[in-house]
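These notes concern the structure reproduced below.
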Amino acid sequence: MARRPRTPSFKVKTGERFPGDFEIVTAGTANLSIEEIRYVERINTVISAIPSWIDDNRKKDTSSSLSEELDHFLGQFTKRLMEGASEFCSLSPGAERNKYADDEYLETFRFEGAYRDRCRRALRFPFVVRTIRRKENGTLTDLVEDIEIQTRDAEIPPEKQKFKIEVDQAAIVIRSVLLDRIEGRRSKIATYLANLLSKIGIKIDPFSRDQDSARQKLSQYLVSLGGAAEVGLMNLHPSQPAFAALALRSLKDEFVSREAGRVKNDYVFRLGFYGLLITVLCSTLYAASFYLDSDHLIYRFRNFFILGIGSAVGTWLSFSLRRVVLEFSDLALLEEDRLDPGLRMLFMLCLTTIVGMLFWTEAVTIEFGGLLGEFGSSGSRAFLIGALCGIAERAVTTAVSRRAADFVSGLGERPGK
């Protein structure tokens, strides 16, 4: 009886009919077992049928909106088949290879069923959810930087319409928060300091580590969001959108619990930084005014510098007093007027100065426990007025605007009326 050779009897040969095309060919005249023959015929039969499957999918996908998604499914399918075939060919003839061929023969039916089901579902659903991976130097990484939801020309149930909008809004908030940390965290001053230290041999760049951490978080959140979107938009059972909505709500709660404190503290820190600049500038000018003559304009209006310091402190406190608890949608838009912290401080400084001028010229006279008395000569009262204006910044904006409107409208009235 002829003995089997102890070298592999098969090899994998690649083809060009489609990406991932291959076949198993016999590399000798070895005696083949029933398990080997059955497995090899099964693999080659499936691979030979794939071109016709591709043609069928193209006929159904008339808009070609699913071409990339279907190619991705096919790539995963053929990759798994080739991995099994390569492992089979690397084994020596015998009981081990026979058992492997028998097991993989059954697995090919499962892989084919999964591939066909994914294609059928994709062609049937109005949405296609896809994660977009980050590229570095032209190479795709494992990090996800966005999700894409394509809409096909098909009927969309109302619950899926609503859920799709919620997913889009959640993606905007998540990307806005973390991309701001990745791209806008490092200032020109930080860049200058890092370059200066590197010239003297000290390589310290804490911002790059923070950026890497933010990219990891962004990828994790978007993967979870993409999973919830697939459940809600790419399943048939009517209970799936409701279940996906619960998963989305859980993701939002997690994002708020982990990121809200960081977002709020960063904004308060930046607001305080610009407030400190205004405080230092106004303090310097206030101290310098005492070296001037008493009839000098700057000396006469020296308490306006104290008013500006109070305005900076009040504006810094205002945000924490108004936004005690941040909701998910608040994280992407902390202030409705969309002013940057520096511009907000400058805006309130100018607005508080106008309020001070109204009191100074007695264009407005109100009584608040004697607070406005001796405003020009009392630094403590000037500071308190500025702080109160900063804290009530929205009310001050409305009040000054209304007073200006009353003044302008009065210009058009006839004398004596």
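Naming scheme: A, B, ... for chains in displayed order of the structure tokens; residues 1 onward per chain; ligands 1 onward as shown.
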Shell around segment 380-394 of chain A at 7 Å using only C-alpha atoms, local window under 3 positions removed, as a short mmCIF file (atom, residue, chain, number, x, y, z; two decimals) with C-alpha atoms, in the first residue's frame:
data_model
loop_
_atom_site.label_atom_id
_atom_site.label_comp_id
_atom_site.auth_asym_id
_atom_site.auth_seq_id
_atom_site.Cartn_x
_atom_site.Cartn_y
_atom_site.Cartn_z
CA ASN A 303 -12.57 103.96 39.70
CA ILE A 306 -11.96 99.00 39.59
CA LEU A 307 -15.30 98.73 37.82
CA GLY A 308 -13.56 96.72 35.06
CA ILE A 309 -11.96 94.40 37.63
CA GLY A 310 -15.36 93.76 39.18
CA SER A 311 -16.81 93.12 35.73
CA ALA A 312 -14.15 90.48 35.00
CA VAL A 313 -14.77 88.74 38.32
CA GLY A 314 -18.55 88.84 37.87
CA THR A 315 -18.39 87.51 34.30
CA LEU A 317 -18.68 83.78 38.19
CA SER A 318 -21.67 84.19 35.89
CA MET A 348 -18.73 92.77 29.32
CA THR A 352 -20.03 97.65 32.24
CA LEU A 371 -24.92 101.65 46.52
CA PHE A 375 -19.54 105.90 43.03
CA THR A 397 -27.29 93.56 27.97
CA THR A 398 -31.06 93.84 27.73
#
**Prompt:** How would you write, as number ranges by chain, the set of residues in segment 109-313 of chain A that DSSP gives as alpha helix (DSSP H)?
**Reply:** A: 109-124, 158-183, 188-199, 206-233, 240-289, 297-300, 303-313
Counting only C-alpha atoms, which residues of segment 206-268 of chain A fall within 10 Å of segment 120-142 of chain A, and what is the closest atom pair for each with its distance in Å at one decimal, ordered by chain and rising number, as CSV?
residue,atom,partner,partner_atom,distance
A:Arg215,CA,A:Arg134,CA,9.5
A:Gln216,CA,A:Asp142,CA,9.8
A:Ser219,CA,A:Arg133,CA,8.6
A:Leu222,CA,A:Thr131,CA,7.8
A:Val223,CA,A:Thr131,CA,7.2
A:Leu225,CA,A:Thr131,CA,9.6
A:Gly226,CA,A:Thr131,CA,6.7
A:Gly227,CA,A:Val129,CA,8.7
A:Ala228,CA,A:Val129,CA,9.9
A:Ala229,CA,A:Val129,CA,6.8
A:Glu230,CA,A:Val129,CA,6.0
A:Val231,CA,A:Val129,CA,9.8
A:Gly232,CA,A:Phe127,CA,10.0
A:Leu233,CA,A:Phe127,CA,6.2
A:Met234,CA,A:Phe125,CA,6.1
A:Asn235,CA,A:Arg121,CA,7.9
A:Leu236,CA,A:Phe125,CA,8.2
Discussion item. List as a ChimeraX atom specification the protein and nucleic acid residues near Ile174 of chain A, meaning an atom at most 9 Å away when only C-alpha atoms are counted, but skip any in the same chain fewer than 2 places from it.
Written reply: /A:169-172,176-179,218,221-222,255,331-332
Resulting file, chosen residues, C-alpha atoms, as a PDB file, in the first residue's frame:
ATOM      1  CA  GLN A 169     -26.972  65.218  16.575  1.00  0.00           C
ATOM      2  CA  ALA A 170     -25.121  62.939  18.988  1.00  0.00           C
ATOM      3  CA  ALA A 171     -22.254  62.581  16.508  1.00  0.00           C
ATOM      4  CA  ILE A 172     -22.044  66.364  16.154  1.00  0.00           C
ATOM      5  CA  SER A 176     -17.359  68.902  18.522  1.00  0.00           C
ATOM      6  CA  VAL A 177     -16.229  68.314  22.099  1.00  0.00           C
ATOM      7  CA  LEU A 178     -13.328  65.976  21.370  1.00  0.00           C
ATOM      8  CA  LEU A 179     -12.123  67.550  18.118  1.00  0.00           C
ATOM      9  CA  LEU A 218     -13.412  59.813  20.070  1.00  0.00           C
ATOM     10  CA  TYR A 221     -17.569  56.817  21.447  1.00  0.00           C
ATOM     11  CA  LEU A 222     -18.075  56.719  17.677  1.00  0.00           C
ATOM     12  CA  PHE A 255     -20.497  60.892  27.733  1.00  0.00           C
ATOM     13  CA  LEU A 331     -21.528  70.361  25.737  1.00  0.00           C
ATOM     14  CA  ALA A 332     -21.204  71.453  22.117  1.00  0.00           C
TER      15      ALA A 332
END
If we count only C-alpha atoms and set the cut-off at 12 Å, which residues sit around His237 of chain A, ignoring sequence neighbours fewer than 6 positions away in its own chain? Please answer as a PDB file with C-alpha atoms, in the first residue's frame.
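result-v9.pdb, written as the output of this step:
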ATOM      1  CA  PHE A 125     -32.691  48.837   4.360  1.00  0.00           C
ATOM      2  CA  PRO A 157     -40.487  54.519   8.848  1.00  0.00           C
ATOM      3  CA  GLU A 159     -39.312  55.991  14.115  1.00  0.00           C
ATOM      4  CA  LYS A 160     -36.206  55.435  12.002  1.00  0.00           C
ATOM      5  CA  VAL A 231     -29.222  48.329  15.621  1.00  0.00           C
ATOM      6  CA  PHE A 243     -33.975  49.432  21.944  1.00  0.00           C
ATOM      7  CA  ALA A 244     -31.368  51.412  20.013  1.00  0.00           C
TER       8      ALA A 244
END
I want to know what sits within 10 Å of segment 63-68 of chain A, based on only C-alpha atoms, with residues of the same chain fewer than 3 positions away left out; could you give that as an MDAnalysis selection string? chainID A and resid 54 57:60 71:74 119 122:123 127:128 130 150:153
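Computed from the coordinates, the atom CA of Ala85 of chain A to atom CA of Pro51 of chain A distance equals 19.2 Å.
Between atom CA of Leu281 of chain A and atom CA of Phe305 of chain A the separation is 8.7 Å.
Considering only C-alpha atoms, the residue among A:Ile50, A:Ile354, A:Leu106, A:Leu333 positioned nearest to Phe18 of chain A is A:Ile50.
Using only C-alpha atoms for every distance, the candidate list A:Trp316, A:Tyr105, A:Tyr299, A:Tyr291 yields A:Trp316 as the residue closest to Arg270 of chain A.
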